[in-house]
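This is start35.csv (CSV, C-alpha atoms and all ligand atoms).
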chain,number,residue,atom,x,y,z
A,56,MET,CA,52.1,77.2,30.4
A,57,ILE,CA,52.7,78.2,26.8
A,58,THR,CA,54.5,81.4,25.9
A,59,PHE,CA,55.2,82.8,22.5
A,60,ASN,CA,58.0,85.2,22.7
A,61,ASN,CA,58.5,87.5,19.7
A,62,ILE,CA,57.6,84.7,17.3
A,63,GLN,CA,58.1,85.5,13.6
A,64,ILE,CA,57.4,83.1,10.8
A,65,ASN,CA,58.4,83.9,7.3
A,66,PHE,CA,57.7,82.0,4.1
A,67,GLY,CA,60.3,83.4,1.8
A,68,SER,CA,59.8,87.1,1.8
A,69,PHE,CA,56.3,86.8,3.1
A,70,HIS,CA,55.8,87.5,6.9
A,71,ALA,CA,53.0,85.2,7.9
A,72,ILE,CA,53.5,85.9,11.7
A,73,LYS,CA,54.9,89.2,12.8
A,74,ASN,CA,56.3,89.3,16.3
A,75,LEU,CA,53.7,87.3,18.2
A,76,ASN,CA,53.6,87.6,22.0
A,77,LEU,CA,51.1,85.4,23.8
A,78,HIS,CA,50.7,83.6,27.0
A,79,ILE,CA,48.3,80.6,27.4
A,80,LYS,CA,47.5,79.3,30.9
A,81,GLU,CA,47.3,75.7,32.1
A,82,GLY,CA,43.8,74.2,31.6
A,83,GLU,CA,42.7,77.0,29.4
A,84,PHE,CA,40.4,76.8,26.4
A,85,PHE,CA,42.2,79.3,24.2
A,86,THR,CA,41.1,80.2,20.7
A,87,PHE,CA,42.9,81.7,17.8
A,88,LEU,CA,40.2,83.6,15.8
A,89,GLY,CA,40.6,85.4,12.5
A,90,PRO,CA,39.8,85.5,8.8
A,91,SER,CA,41.1,83.1,6.3
A,92,GLY,CA,44.9,83.5,5.7
A,93,CYS,CA,45.6,85.5,8.9
A,94,GLY,CA,48.1,82.9,10.2
A,95,LYS,CA,46.1,80.8,12.6
A,96,THR,CA,47.2,77.4,11.2
A,97,THR,CA,50.7,78.6,10.8
A,98,ILE,CA,51.1,79.5,14.5
A,99,LEU,CA,49.4,76.3,15.6
A,100,ARG,CA,51.8,74.3,13.5
A,101,SER,CA,54.8,76.1,15.0
A,102,LEU,CA,53.5,75.2,18.5
A,103,VAL,CA,53.1,71.5,17.5
A,104,GLY,CA,56.5,71.5,15.8
A,105,PHE,CA,55.7,71.2,12.1
A,106,ILE,CA,57.1,74.7,11.4
A,107,GLU,CA,60.2,76.2,12.8
A,108,PRO,CA,59.8,79.9,13.5
A,109,SER,CA,62.2,82.3,11.8
A,110,GLY,CA,62.7,84.2,15.0
A,111,GLY,CA,61.6,84.1,18.7
A,112,GLN,CA,61.0,81.4,21.2
A,113,ILE,CA,58.1,79.1,22.2
A,114,LEU,CA,58.2,78.1,25.9
A,115,LEU,CA,56.4,75.2,27.4
A,116,ASN,CA,56.3,75.3,31.2
A,117,ASN,CA,59.3,77.7,31.0
A,118,SER,CA,61.5,75.5,28.9
A,119,ASP,CA,62.4,76.4,25.4
A,120,ILE,CA,60.7,74.0,22.9
A,121,THR,CA,61.3,76.1,19.8
A,122,HIS,CA,63.6,73.5,18.3
A,123,VAL,CA,62.4,70.4,20.1
A,124,PRO,CA,61.1,67.6,17.7
A,125,ILE,CA,57.4,67.1,17.4
A,126,GLU,CA,57.2,63.8,19.3
A,127,LYS,CA,59.0,65.2,22.4
A,128,ARG,CA,56.5,68.1,22.9
A,129,GLY,CA,53.5,66.2,24.3
A,130,ILE,CA,51.1,68.0,22.0
A,131,SER,CA,48.4,66.3,20.0
A,132,MET,CA,46.8,68.0,17.0
A,133,VAL,CA,43.5,67.5,15.3
A,134,PHE,CA,43.8,68.8,11.7
A,135,GLN,CA,41.5,71.1,9.7
A,136,SER,CA,40.5,68.0,7.7
A,137,TYR,CA,40.6,65.2,10.2
A,138,ALA,CA,43.4,63.4,8.4
A,139,LEU,CA,42.1,60.0,9.5
A,140,PHE,CA,43.2,57.0,7.6
A,141,PRO,CA,40.2,56.1,5.4
A,142,THR,CA,40.9,52.5,4.8
A,143,MET,CA,41.7,51.6,8.4
A,144,ASN,CA,38.9,51.0,10.9
A,145,VAL,CA,38.2,53.2,13.9
A,146,TYR,CA,40.2,51.1,16.3
A,147,GLU,CA,43.3,51.2,14.1
A,148,ASN,CA,43.0,54.9,13.6
A,149,ILE,CA,42.9,55.5,17.4
A,150,ALA,CA,45.7,53.0,18.0
A,151,PHE,CA,48.0,54.4,15.4
A,152,GLY,CA,50.0,56.9,17.5
A,153,MET,CA,50.4,54.4,20.3
A,154,ARG,CA,51.7,51.8,17.9
A,155,VAL,CA,54.2,54.3,16.5
A,156,ASN,CA,55.3,54.8,20.1
A,157,LYS,CA,55.7,51.1,20.4
A,158,ALA,CA,53.2,50.6,23.2
A,159,SER,CA,52.4,46.9,24.1
A,160,LYS,CA,49.4,45.3,22.5
A,161,ALA,CA,47.6,45.0,25.9
A,162,ILE,CA,48.1,48.6,26.7
A,163,VAL,CA,47.0,49.8,23.3
A,164,ASP,CA,43.8,47.7,23.6
A,165,ARG,CA,43.0,49.1,27.1
A,166,GLU,CA,43.6,52.7,26.2
A,167,VAL,CA,41.8,52.6,22.9
A,168,ARG,CA,38.7,51.1,24.5
A,169,ASP,CA,38.9,53.5,27.4
A,170,ILE,CA,39.1,56.7,25.3
A,171,ALA,CA,36.5,55.4,22.8
A,172,GLN,CA,34.0,55.1,25.7
A,173,LYS,CA,34.9,58.5,27.0
A,174,VAL,CA,34.1,60.2,23.6
A,175,ASP,CA,31.0,58.1,23.2
A,176,LEU,CA,32.1,55.8,20.4
A,177,LYS,CA,30.2,52.5,20.7
A,178,GLU,CA,32.0,49.2,20.7
A,179,ASP,CA,30.5,48.1,17.3
A,180,GLN,CA,31.7,51.4,15.8
A,181,LEU,CA,35.4,50.5,16.6
A,182,TYR,CA,35.5,48.0,13.7
A,183,LYS,CA,33.9,50.2,11.1
A,184,LYS,CA,36.0,51.9,8.4
A,185,VAL,CA,36.1,55.6,9.1
A,186,SER,CA,34.7,56.2,5.6
A,187,GLU,CA,31.5,54.5,6.8
A,188,LEU,CA,31.1,57.0,9.7
A,189,SER,CA,29.1,60.2,9.8
A,190,GLY,CA,31.0,63.5,10.0
A,191,GLY,CA,30.3,63.8,13.7
A,192,GLN,CA,31.5,60.3,14.4
A,193,GLN,CA,34.7,60.9,12.4
A,194,GLN,CA,35.3,64.0,14.4
A,195,ARG,CA,35.1,62.0,17.6
A,196,VAL,CA,37.6,59.5,16.2
A,197,ALA,CA,40.0,62.3,15.4
A,198,ILE,CA,39.7,63.7,18.9
A,199,ALA,CA,40.0,60.2,20.5
A,200,ARG,CA,43.1,59.6,18.4
A,201,ALA,CA,44.6,62.8,19.8
A,202,LEU,CA,43.6,62.2,23.4
A,203,VAL,CA,44.7,58.6,23.6
A,204,LEU,CA,48.3,59.8,23.6
A,205,LYS,CA,47.6,61.7,26.8
A,206,PRO,CA,49.0,64.9,25.5
A,207,SER,CA,49.5,67.9,27.8
A,208,ILE,CA,48.1,70.1,25.1
A,209,LEU,CA,45.4,69.5,22.5
A,210,ALA,CA,45.6,71.6,19.4
A,211,LEU,CA,42.5,71.7,17.3
A,212,ASP,CA,42.5,73.3,13.8
A,213,GLU,CA,38.9,74.1,12.7
A,214,PRO,CA,37.7,70.6,13.8
A,215,LEU,CA,34.1,71.4,13.1
A,216,SER,CA,34.3,73.2,9.8
A,217,ASN,CA,33.3,70.2,7.7
A,218,LEU,CA,30.0,69.7,9.5
A,219,ASP,CA,26.5,71.0,8.9
A,220,ALA,CA,25.3,73.8,11.2
A,221,LYS,CA,23.2,71.6,13.5
A,222,LEU,CA,25.8,69.0,14.1
A,223,ARG,CA,28.4,71.7,14.6
A,224,ASN,CA,26.3,73.2,17.5
A,225,GLN,CA,25.9,69.8,19.1
A,226,LEU,CA,29.5,68.9,18.8
A,227,ARG,CA,30.6,72.3,20.0
A,228,ASN,CA,28.8,71.6,23.3
A,229,GLU,CA,30.3,68.1,23.5
A,230,LEU,CA,33.8,69.4,22.8
A,231,LYS,CA,33.5,71.9,25.7
A,232,LYS,CA,32.3,69.1,28.0
A,233,LEU,CA,35.1,66.9,27.0
A,234,GLN,CA,37.7,69.6,27.5
A,235,LYS,CA,36.4,70.3,31.0
A,236,LYS,CA,36.3,66.6,31.8
A,237,PHE,CA,39.9,66.1,30.8
A,238,GLY,CA,41.0,69.6,32.0
A,239,ILE,CA,43.4,69.6,29.1
A,240,THR,CA,44.9,72.8,27.8
A,241,THR,CA,43.3,73.4,24.5
A,242,ILE,CA,44.3,75.6,21.6
A,243,TYR,CA,41.4,75.9,19.2
A,244,VAL,CA,41.6,77.5,15.8
A,245,THR,CA,38.5,78.9,14.1
A,246,HIS,CA,37.3,81.7,11.8
A,247,ASP,CA,33.8,81.4,13.3
A,248,GLN,CA,33.0,84.2,15.8
A,249,GLU,CA,30.1,82.4,17.4
A,250,GLU,CA,32.3,79.2,18.0
A,251,ALA,CA,35.0,81.4,19.6
A,252,LEU,CA,32.6,83.2,21.8
A,253,THR,CA,30.7,80.1,23.1
A,254,LEU,CA,33.7,77.8,23.6
A,255,SER,CA,36.6,79.9,24.8
A,256,ASP,CA,38.0,81.0,28.1
A,257,ARG,CA,40.0,83.5,26.2
A,258,ILE,CA,40.4,84.5,22.5
A,259,ALA,CA,43.2,86.0,20.5
A,260,VAL,CA,41.9,87.8,17.4
A,261,PHE,CA,44.4,87.6,14.5
A,262,ASN,CA,44.6,89.9,11.5
A,263,ASN,CA,47.3,89.7,8.9
A,264,GLY,CA,49.8,87.8,11.1
A,265,ILE,CA,49.4,90.0,14.1
A,266,VAL,CA,47.2,89.7,17.3
A,267,GLU,CA,44.8,92.6,17.5
A,268,GLN,CA,43.4,91.7,20.9
A,269,VAL,CA,43.5,89.0,23.6
A,270,GLY,CA,40.7,88.8,26.1
A,271,THR,CA,37.6,86.9,27.4
A,272,PRO,CA,34.7,86.6,25.0
A,273,GLN,CA,32.9,89.4,26.9
A,274,GLU,CA,35.9,91.7,26.6
A,275,ILE,CA,36.4,91.0,22.9
A,276,TYR,CA,32.8,91.6,22.2
A,277,ASN,CA,31.9,94.5,24.5
A,278,GLN,CA,35.3,96.3,24.6
A,279,SER,CA,36.8,95.6,21.2
A,280,LYS,CA,40.2,97.2,21.2
A,281,THR,CA,40.5,97.9,17.5
A,282,GLU,CA,38.2,98.7,14.6
A,283,PHE,CA,39.1,95.4,13.0
A,284,VAL,CA,38.1,93.4,16.1
A,285,CYS,CA,34.8,95.3,16.5
A,286,ASN,CA,33.9,94.6,12.9
A,287,PHE,CA,35.0,91.0,12.9
A,288,ILE,CA,33.4,89.8,16.1
A,289,GLY,CA,29.7,90.6,15.5
A,290,ASP,CA,27.2,92.7,13.6
A,291,ILE,CA,27.8,96.4,14.3
A,292,ASN,CA,26.6,99.8,13.2
A,293,LYS,CA,29.1,102.4,12.0
A,294,ILE,CA,27.4,105.6,13.1
A,295,GLU,CA,27.5,108.0,10.2
A,296,PRO,CA,28.7,111.5,10.9
A,297,LEU,CA,25.3,112.9,9.9
A,298,ILE,CA,23.6,111.0,12.7
A,299,ILE,CA,26.1,112.4,15.2
A,300,GLU,CA,25.8,116.0,13.9
A,301,ASN,CA,22.0,115.9,14.0
A,302,SER,CA,21.8,114.6,17.6
A,303,ARG,CA,23.1,115.1,21.1
A,304,LEU,CA,25.7,112.5,20.3
A,305,LYS,CA,28.0,115.3,19.0
A,306,ASP,CA,28.2,116.6,22.6
A,307,PHE,CA,29.8,113.4,23.8
A,308,LEU,CA,31.8,111.9,21.0
A,309,ASP,CA,35.3,112.7,19.6
A,310,PRO,CA,34.7,114.0,16.1
A,311,GLN,CA,38.1,112.9,15.0
A,312,LYS,CA,37.3,109.2,15.6
A,313,LYS,CA,34.9,106.7,14.0
A,314,ALA,CA,32.0,105.7,16.1
A,315,TYR,CA,30.4,102.2,16.3
A,316,ILE,CA,27.6,100.6,18.3
A,317,ARG,CA,26.4,97.0,18.4
A,318,ASN,CA,23.1,96.4,16.7
A,319,GLU,CA,21.4,95.2,19.9
A,320,LYS,CA,22.5,98.3,21.8
A,321,VAL,CA,20.4,100.5,19.6
A,322,SER,CA,17.1,100.4,21.5
A,323,LEU,CA,13.6,101.0,20.3
A,324,LEU,CA,12.5,100.8,24.0
A,325,PRO,CA,13.1,103.5,26.5
A,326,LEU,CA,16.5,103.4,28.3
A,327,THR,CA,17.2,105.0,31.7
A,328,GLY,CA,20.3,107.0,32.7
A,329,SER,CA,21.8,110.5,32.1
A,330,ASP,CA,23.9,109.4,29.1
A,331,VAL,CA,21.0,108.3,26.9
A,332,VAL,CA,20.6,110.1,23.6
A,333,GLN,CA,17.2,109.9,21.9
A,334,MET,CA,16.5,110.3,18.2
A,335,LYS,CA,13.5,109.9,15.9
A,336,GLY,CA,13.5,107.5,13.0
A,337,THR,CA,11.4,105.6,10.5
A,338,ILE,CA,11.4,101.8,10.2
A,339,ILE,CA,12.3,101.1,6.5
A,340,ASP,CA,12.8,97.3,6.8
A,341,GLN,CA,11.9,94.5,9.2
A,342,GLU,CA,12.9,90.9,9.3
A,343,PHE,CA,11.0,88.5,11.7
A,344,TYR,CA,13.1,85.7,13.2
A,345,GLY,CA,10.6,84.4,15.7
A,346,LEU,CA,12.6,85.1,18.9
A,347,TYR,CA,13.6,88.5,17.7
A,348,SER,CA,13.2,90.9,14.8
A,349,LYS,CA,15.9,92.9,12.9
A,350,TYR,CA,15.1,96.4,11.9
A,351,LEU,CA,16.6,98.9,9.5
A,352,ILE,CA,15.8,102.5,10.6
A,353,GLU,CA,16.2,105.7,8.7
A,354,VAL,CA,17.2,108.3,11.2
A,355,GLU,CA,15.5,111.7,11.0
A,356,GLY,CA,17.9,114.1,9.2
A,357,GLY,CA,19.7,111.3,7.4
A,358,GLY,CA,21.7,108.0,8.0
A,359,VAL,CA,20.5,104.5,8.9
A,360,LEU,CA,20.9,102.3,11.9
A,361,LYS,CA,20.4,98.5,12.3
A,362,THR,CA,18.8,97.1,15.4
A,363,ILE,CA,17.6,93.9,16.8
A,364,GLU,CA,14.7,93.6,19.3
A,365,LYS,CA,13.4,90.6,21.2
A,366,GLU,CA,9.8,89.9,20.3
A,367,SER,CA,7.3,90.0,23.0
A,368,GLY,CA,4.5,89.2,20.5
A,369,LEU,CA,2.7,92.4,21.3
A,370,THR,CA,4.9,95.3,20.2
A,371,LEU,CA,5.7,94.4,16.6
A,372,ASN,CA,6.9,97.5,14.9
A,373,LYS,CA,5.9,97.9,11.3
A,374,VAL,CA,7.6,99.3,8.2
A,375,GLY,CA,6.8,103.0,7.9
A,376,GLU,CA,6.2,103.5,11.6
A,377,VAL,CA,8.0,106.5,13.2
A,378,ILE,CA,9.8,105.4,16.4
A,379,ASP,CA,12.1,106.7,19.1
A,380,ILE,CA,15.7,105.4,19.0
A,381,ASN,CA,17.6,105.2,22.3
A,382,ILE,CA,21.4,105.0,22.6
A,383,ASN,CA,23.5,104.8,25.7
A,384,ILE,CA,26.7,106.8,25.2
A,385,SER,CA,28.7,104.2,27.2
A,386,ASP,CA,27.8,101.6,24.5
A,387,ILE,CA,29.6,103.5,21.8
A,388,LEU,CA,33.0,102.3,20.7
A,389,GLN,CA,35.4,104.9,19.1
A,390,TYR,CA,38.5,104.3,17.1
A,401,LIG,N1,54.0,76.5,3.5
A,401,LIG,C1,53.7,77.8,3.1
A,401,LIG,N2,54.4,78.4,2.1
A,401,LIG,C2,54.1,79.7,1.8
A,401,LIG,N3,53.1,80.4,2.3
A,401,LIG,C3,52.3,79.8,3.3
A,401,LIG,C4,52.6,78.5,3.7
A,401,LIG,N4,51.7,78.2,4.7
A,401,LIG,C5,50.9,79.2,4.8
A,401,LIG,N5,51.3,80.2,4.0
A,401,LIG,C6,50.7,81.6,3.9
A,401,LIG,O1,50.6,82.1,5.2
A,401,LIG,C7,49.4,82.8,5.4
A,401,LIG,C8,48.7,82.2,6.6
A,401,LIG,O2,48.3,80.9,6.3
A,401,LIG,P1,47.5,80.0,7.4
A,401,LIG,O3,47.3,78.7,6.8
A,401,LIG,O4,48.2,80.1,8.7
A,401,LIG,O5,46.1,80.8,7.5
A,401,LIG,P2,44.8,80.5,8.3
A,401,LIG,O6,44.6,81.7,9.2
A,401,LIG,O7,44.9,79.2,9.0
A,401,LIG,O8,43.6,80.5,7.2
A,401,LIG,P3,42.4,79.5,7.0
A,401,LIG,O9,41.3,80.1,8.0
A,401,LIG,O10,42.0,79.7,5.6
A,401,LIG,O11,42.8,78.1,7.4
A,401,LIG,C9,48.6,82.7,4.2
A,401,LIG,O12,48.8,83.9,3.4
A,401,LIG,C10,49.2,81.5,3.5
A,401,LIG,O13,49.1,81.6,2.1
A,402,MG,MG,43.9,77.3,8.7
Can the structure from this file be put into structure tokens for me?
Amino acid sequence: MITFNNIQINFGSFHAIKNLNLHIKEGEFFTFLGPSGCGKTTILRSLVGFIEPSGGQILLNNSDITHVPIEKRGISMVFQSYALFPTMNVYENIAFGMRVNKASKAIVDREVRDIAQKVDLKEDQLYKKVSELSGGQQQRVAIARALVLKPSILALDEPLSNLDAKLRNQLRNELKKLQKKFGITTIYVTHDQEEALTLSDRIAVFNNGIVEQVGTPQEIYNQSKTEFVCNFIGDINKIEPLIIENSRLKDFLDPQKKAYIRNEKVSLLPLTGSDVVQMKGTIIDQEFYGLYSKYLIEVEGGGVLKTIEKESGLTLNKVGEVIDININISDILQY
């Protein structure tokens, strides 16, 4: 549906996007994930039409839209700050785009009420000023305003970043439901790994204007293609050379490369299989989270590993305790 072909975007001599190639399928929830300043908003703005690329093409259903004006692209965008009109009421905010498009009063009224109902905005809320709404309600207004134009693509730039953690989780679920309900191709920008993993069909991980990996959340997390992706997407251990030299790990790993393992894959419980390497260690720190505990372990012979274990309530390991550490070789990532 959307194809970026060799897209480059320069600001003066600064190369914000360097030769981007990406294909997004119809109906997909596709996320641009990456740290601040990596180019997520820039690439989204080029898709919507606010920025003209310095090179390359953007295709929409195989036709070249690189130089097509914003209003002819059929893409609606929800901005990093909602960019609602604070002095207008909710109704006027949602109706704004349709009015610009010169839709008749009757059609505007029907569509505004219809979309408000679909995003769970109550009738009496339609006549409140947006400044009188909570963050979550404002976010729904911003989404309603985008959806009412019946775009073929919805572009969302960090729409949840202004909200507190609880509301963010709640709206994240609602957003996913809405997206499935409308079946609308959605491009979602975030720097939040958890948001990307829970919402997306596929993720592109950006770093410094390039895409490091494109894949499903599972692929990005379990088979991180680059060192940057493996570090960015979740908590991970870099396995120190000392730990490798002092264990059977050295028989399996490439000594020229760096080795990583996800915290939860370092197990304090026995693992089965021929590729399991066991070591001894001492617990030097424990943090109890209720559902699970996090441990810091000093490996015999030197080096530390972090791990996370689900709590059964019975097998609480204590600081100072000597324990077995089990690692499955296939869980190690090398770069
Ligand atoms: N209009 C502009 N003029 C010059 N430089 C720009 C312009 N817009 C963006 N940049 C630069 O391009 C880079 C990418 O910016 P962009 O806004 O796309 O980052 P981002 O990934 O969305 O970051 P954040 O997560 O902080 O929103 C940054 O280094 C930024 O300073
Ligand atoms: Mg941004």
Exercise for the section: For range 252-257 of chain A, please output as JSON, numbers by chain all residues within 8 Å (counting all atoms listed in the file; exclusion window: fewer than 6 positions along the same chain). Expected result: {"A": [83, 84, 85, 86, 227, 228, 231, 269, 270, 271, 272]}
Exercise for the section: Using all atoms listed in the file, find the one residue out of A:Ile125, A:Leu77, A:Val260, A:Ile294 that sits nearest to ligand LIG 401 (chain A). Expected result: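 Ranked by minimum distance to ligand LIG 401 (chain A), first place goes to A:Val260.
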Kindly assemble as CSV a list of the chain A residues that lie within 7 Å of ligand MG 402 (chain A), each paired with its nearest atom pair and their distance in Å to one decimal, using only C-alpha atoms and all ligand atoms, sorted first by chain and then by ascending residue number.
residue,atom,partner,partner_atom,distance
A:Ser91,CA,A:MG402,MG,6.9
A:Gly92,CA,A:MG402,MG,7.0
A:Lys95,CA,A:MG402,MG,5.7
A:Thr96,CA,A:MG402,MG,4.1
A:Gln135,CA,A:MG402,MG,6.7
A:Asp212,CA,A:MG402,MG,6.6
For the residues selected in the previous step, produce a file with C-alpha atoms as a CSV table (one decimal), keeping the file's coordinate frame.
chain,number,residue,atom,x,y,z
A,91,SER,CA,41.1,83.1,6.3
A,92,GLY,CA,44.9,83.5,5.7
A,95,LYS,CA,46.1,80.8,12.6
A,96,THR,CA,47.2,77.4,11.2
A,135,GLN,CA,41.5,71.1,9.7
A,212,ASP,CA,42.5,73.3,13.8
Exercise for the section: May I have the residues within 10 Å of Val331 in chain A as JSON, numbers by chain, using all atoms listed in the file and disregarding those fewer than 5 positions away in the same chain? Expected result: {"A": [303, 304, 325, 326, 380, 381, 382, 383, 384, 385, 386]}
Create the file for the chosen residues now, containing C-alpha atoms and written as a compact mmCIF listing (two decimals), in the frame of the given file.
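Printed below is selection35.txt as written:
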# COMPACT_ATOMS: atom_id res chain seq x y z
CA ARG A 303 23.10 115.10 21.10
CA LEU A 304 25.70 112.50 20.30
CA PRO A 325 13.10 103.50 26.50
CA LEU A 326 16.50 103.40 28.30
CA ILE A 380 15.70 105.40 19.00
CA ASN A 381 17.60 105.20 22.30
CA ILE A 382 21.40 105.00 22.60
CA ASN A 383 23.50 104.80 25.70
CA ILE A 384 26.70 106.80 25.20
CA SER A 385 28.70 104.20 27.20
CA ASP A 386 27.80 101.60 24.50
Need to verify the contact set: Ile363 in chain A, 10 Å, all atoms listed in the file, exclusion of same-chain residues closer than 2 positions in sequence. Can you return it as a compact mmCIF listing (two decimals) with C-alpha atoms, in the coordinates of the input?
# COMPACT_ATOMS: atom_id res chain seq x y z
CA ARG A 317 26.40 97.00 18.40
CA ASN A 318 23.10 96.40 16.70
CA GLU A 319 21.40 95.20 19.90
CA LYS A 320 22.50 98.30 21.80
CA VAL A 321 20.40 100.50 19.60
CA SER A 322 17.10 100.40 21.50
CA LEU A 323 13.60 101.00 20.30
CA GLN A 341 11.90 94.50 9.20
CA GLU A 342 12.90 90.90 9.30
CA PHE A 343 11.00 88.50 11.70
CA TYR A 347 13.60 88.50 17.70
CA SER A 348 13.20 90.90 14.80
CA LYS A 349 15.90 92.90 12.90
CA TYR A 350 15.10 96.40 11.90
CA LEU A 351 16.60 98.90 9.50
CA LYS A 361 20.40 98.50 12.30
CA LYS A 365 13.40 90.60 21.20
CA GLU A 366 9.80 89.90 20.30
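One finds CA of Pro206 in chain A at 16.4 Å from CA of Ser101 in chain A.
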Per-residue nearest contacts of chain A to ligand LIG 401 (chain A) (12 Å; all atoms listed in the file) as JSON lines:
{"residue": "A:Gln63", "atom": "CA", "partner": "A:LIG401", "partner_atom": "O1", "distance": 11.8}
{"residue": "A:Ile64", "atom": "CA", "partner": "A:LIG401", "partner_atom": "O1", "distance": 8.9}
{"residue": "A:Asn65", "atom": "CA", "partner": "A:LIG401", "partner_atom": "N3", "distance": 8.1}
{"residue": "A:Phe66", "atom": "CA", "partner": "A:LIG401", "partner_atom": "C2", "distance": 4.9}
{"residue": "A:Gly67", "atom": "CA", "partner": "A:LIG401", "partner_atom": "C2", "distance": 7.2}
{"residue": "A:Ser68", "atom": "CA", "partner": "A:LIG401", "partner_atom": "C2", "distance": 9.3}
{"residue": "A:Phe69", "atom": "CA", "partner": "A:LIG401", "partner_atom": "N3", "distance": 7.2}
{"residue": "A:His70", "atom": "CA", "partner": "A:LIG401", "partner_atom": "O1", "distance": 7.7}
{"residue": "A:Ala71", "atom": "CA", "partner": "A:LIG401", "partner_atom": "O1", "distance": 4.8}
{"residue": "A:Ile72", "atom": "CA", "partner": "A:LIG401", "partner_atom": "C8", "distance": 7.9}
{"residue": "A:Lys73", "atom": "CA", "partner": "A:LIG401", "partner_atom": "C8", "distance": 11.2}
{"residue": "A:Phe87", "atom": "CA", "partner": "A:LIG401", "partner_atom": "O6", "distance": 8.8}
{"residue": "A:Leu88", "atom": "CA", "partner": "A:LIG401", "partner_atom": "O6", "distance": 8.2}
{"residue": "A:Gly89", "atom": "CA", "partner": "A:LIG401", "partner_atom": "O6", "distance": 6.4}
{"residue": "A:Pro90", "atom": "CA", "partner": "A:LIG401", "partner_atom": "O9", "distance": 5.7}
{"residue": "A:Ser91", "atom": "CA", "partner": "A:LIG401", "partner_atom": "O9", "distance": 3.5}
{"residue": "A:Gly92", "atom": "CA", "partner": "A:LIG401", "partner_atom": "O5", "distance": 3.5}
{"residue": "A:Cys93", "atom": "CA", "partner": "A:LIG401", "partner_atom": "O6", "distance": 3.9}
{"residue": "A:Gly94", "atom": "CA", "partner": "A:LIG401", "partner_atom": "O4", "distance": 3.2}
{"residue": "A:Lys95", "atom": "CA", "partner": "A:LIG401", "partner_atom": "O6", "distance": 3.8}
{"residue": "A:Thr96", "atom": "CA", "partner": "A:LIG401", "partner_atom": "O7", "distance": 3.7}
{"residue": "A:Thr97", "atom": "CA", "partner": "A:LIG401", "partner_atom": "O4", "distance": 3.6}
{"residue": "A:Ile98", "atom": "CA", "partner": "A:LIG401", "partner_atom": "O4", "distance": 6.5}
{"residue": "A:Leu99", "atom": "CA", "partner": "A:LIG401", "partner_atom": "O4", "distance": 8.0}
{"residue": "A:Arg100", "atom": "CA", "partner": "A:LIG401", "partner_atom": "O4", "distance": 8.3}
{"residue": "A:Ser101", "atom": "CA", "partner": "A:LIG401", "partner_atom": "O4", "distance": 10.0}
{"residue": "A:Phe105", "atom": "CA", "partner": "A:LIG401", "partner_atom": "N1", "distance": 10.2}
{"residue": "A:Ile106", "atom": "CA", "partner": "A:LIG401", "partner_atom": "N1", "distance": 8.7}
{"residue": "A:Glu107", "atom": "CA", "partner": "A:LIG401", "partner_atom": "N1", "distance": 11.2}
{"residue": "A:Phe134", "atom": "CA", "partner": "A:LIG401", "partner_atom": "O11", "distance": 10.3}
{"residue": "A:Gln135", "atom": "CA", "partner": "A:LIG401", "partner_atom": "O11", "distance": 7.5}
{"residue": "A:Ser136", "atom": "CA", "partner": "A:LIG401", "partner_atom": "O11", "distance": 10.4}
{"residue": "A:Leu211", "atom": "CA", "partner": "A:LIG401", "partner_atom": "O7", "distance": 11.4}
{"residue": "A:Asp212", "atom": "CA", "partner": "A:LIG401", "partner_atom": "O7", "distance": 8.0}
{"residue": "A:Glu213", "atom": "CA", "partner": "A:LIG401", "partner_atom": "O11", "distance": 7.7}
{"residue": "A:Pro214", "atom": "CA", "partner": "A:LIG401", "partner_atom": "O11", "distance": 11.1}
{"residue": "A:Ser216", "atom": "CA", "partner": "A:LIG401", "partner_atom": "O9", "distance": 10.0}
{"residue": "A:Tyr243", "atom": "CA", "partner": "A:LIG401", "partner_atom": "O7", "distance": 11.3}
{"residue": "A:Val244", "atom": "CA", "partner": "A:LIG401", "partner_atom": "O7", "distance": 7.7}
{"residue": "A:Thr245", "atom": "CA", "partner": "A:LIG401", "partner_atom": "O9", "distance": 6.8}
{"residue": "A:His246", "atom": "CA", "partner": "A:LIG401", "partner_atom": "O9", "distance": 5.7}
{"residue": "A:Asp247", "atom": "CA", "partner": "A:LIG401", "partner_atom": "O9", "distance": 9.3}
{"residue": "A:Val260", "atom": "CA", "partner": "A:LIG401", "partner_atom": "O6", "distance": 10.6}
{"residue": "A:Phe261", "atom": "CA", "partner": "A:LIG401", "partner_atom": "O6", "distance": 7.9}
{"residue": "A:Asn262", "atom": "CA", "partner": "A:LIG401", "partner_atom": "O6", "distance": 8.5}
{"residue": "A:Asn263", "atom": "CA", "partner": "A:LIG401", "partner_atom": "C8", "distance": 8.0}
{"residue": "A:Gly264", "atom": "CA", "partner": "A:LIG401", "partner_atom": "C8", "distance": 7.3}
{"residue": "A:Ile265", "atom": "CA", "partner": "A:LIG401", "partner_atom": "O6", "distance": 10.8}
{"residue": "A:Val266", "atom": "CA", "partner": "A:LIG401", "partner_atom": "O6", "distance": 11.7}
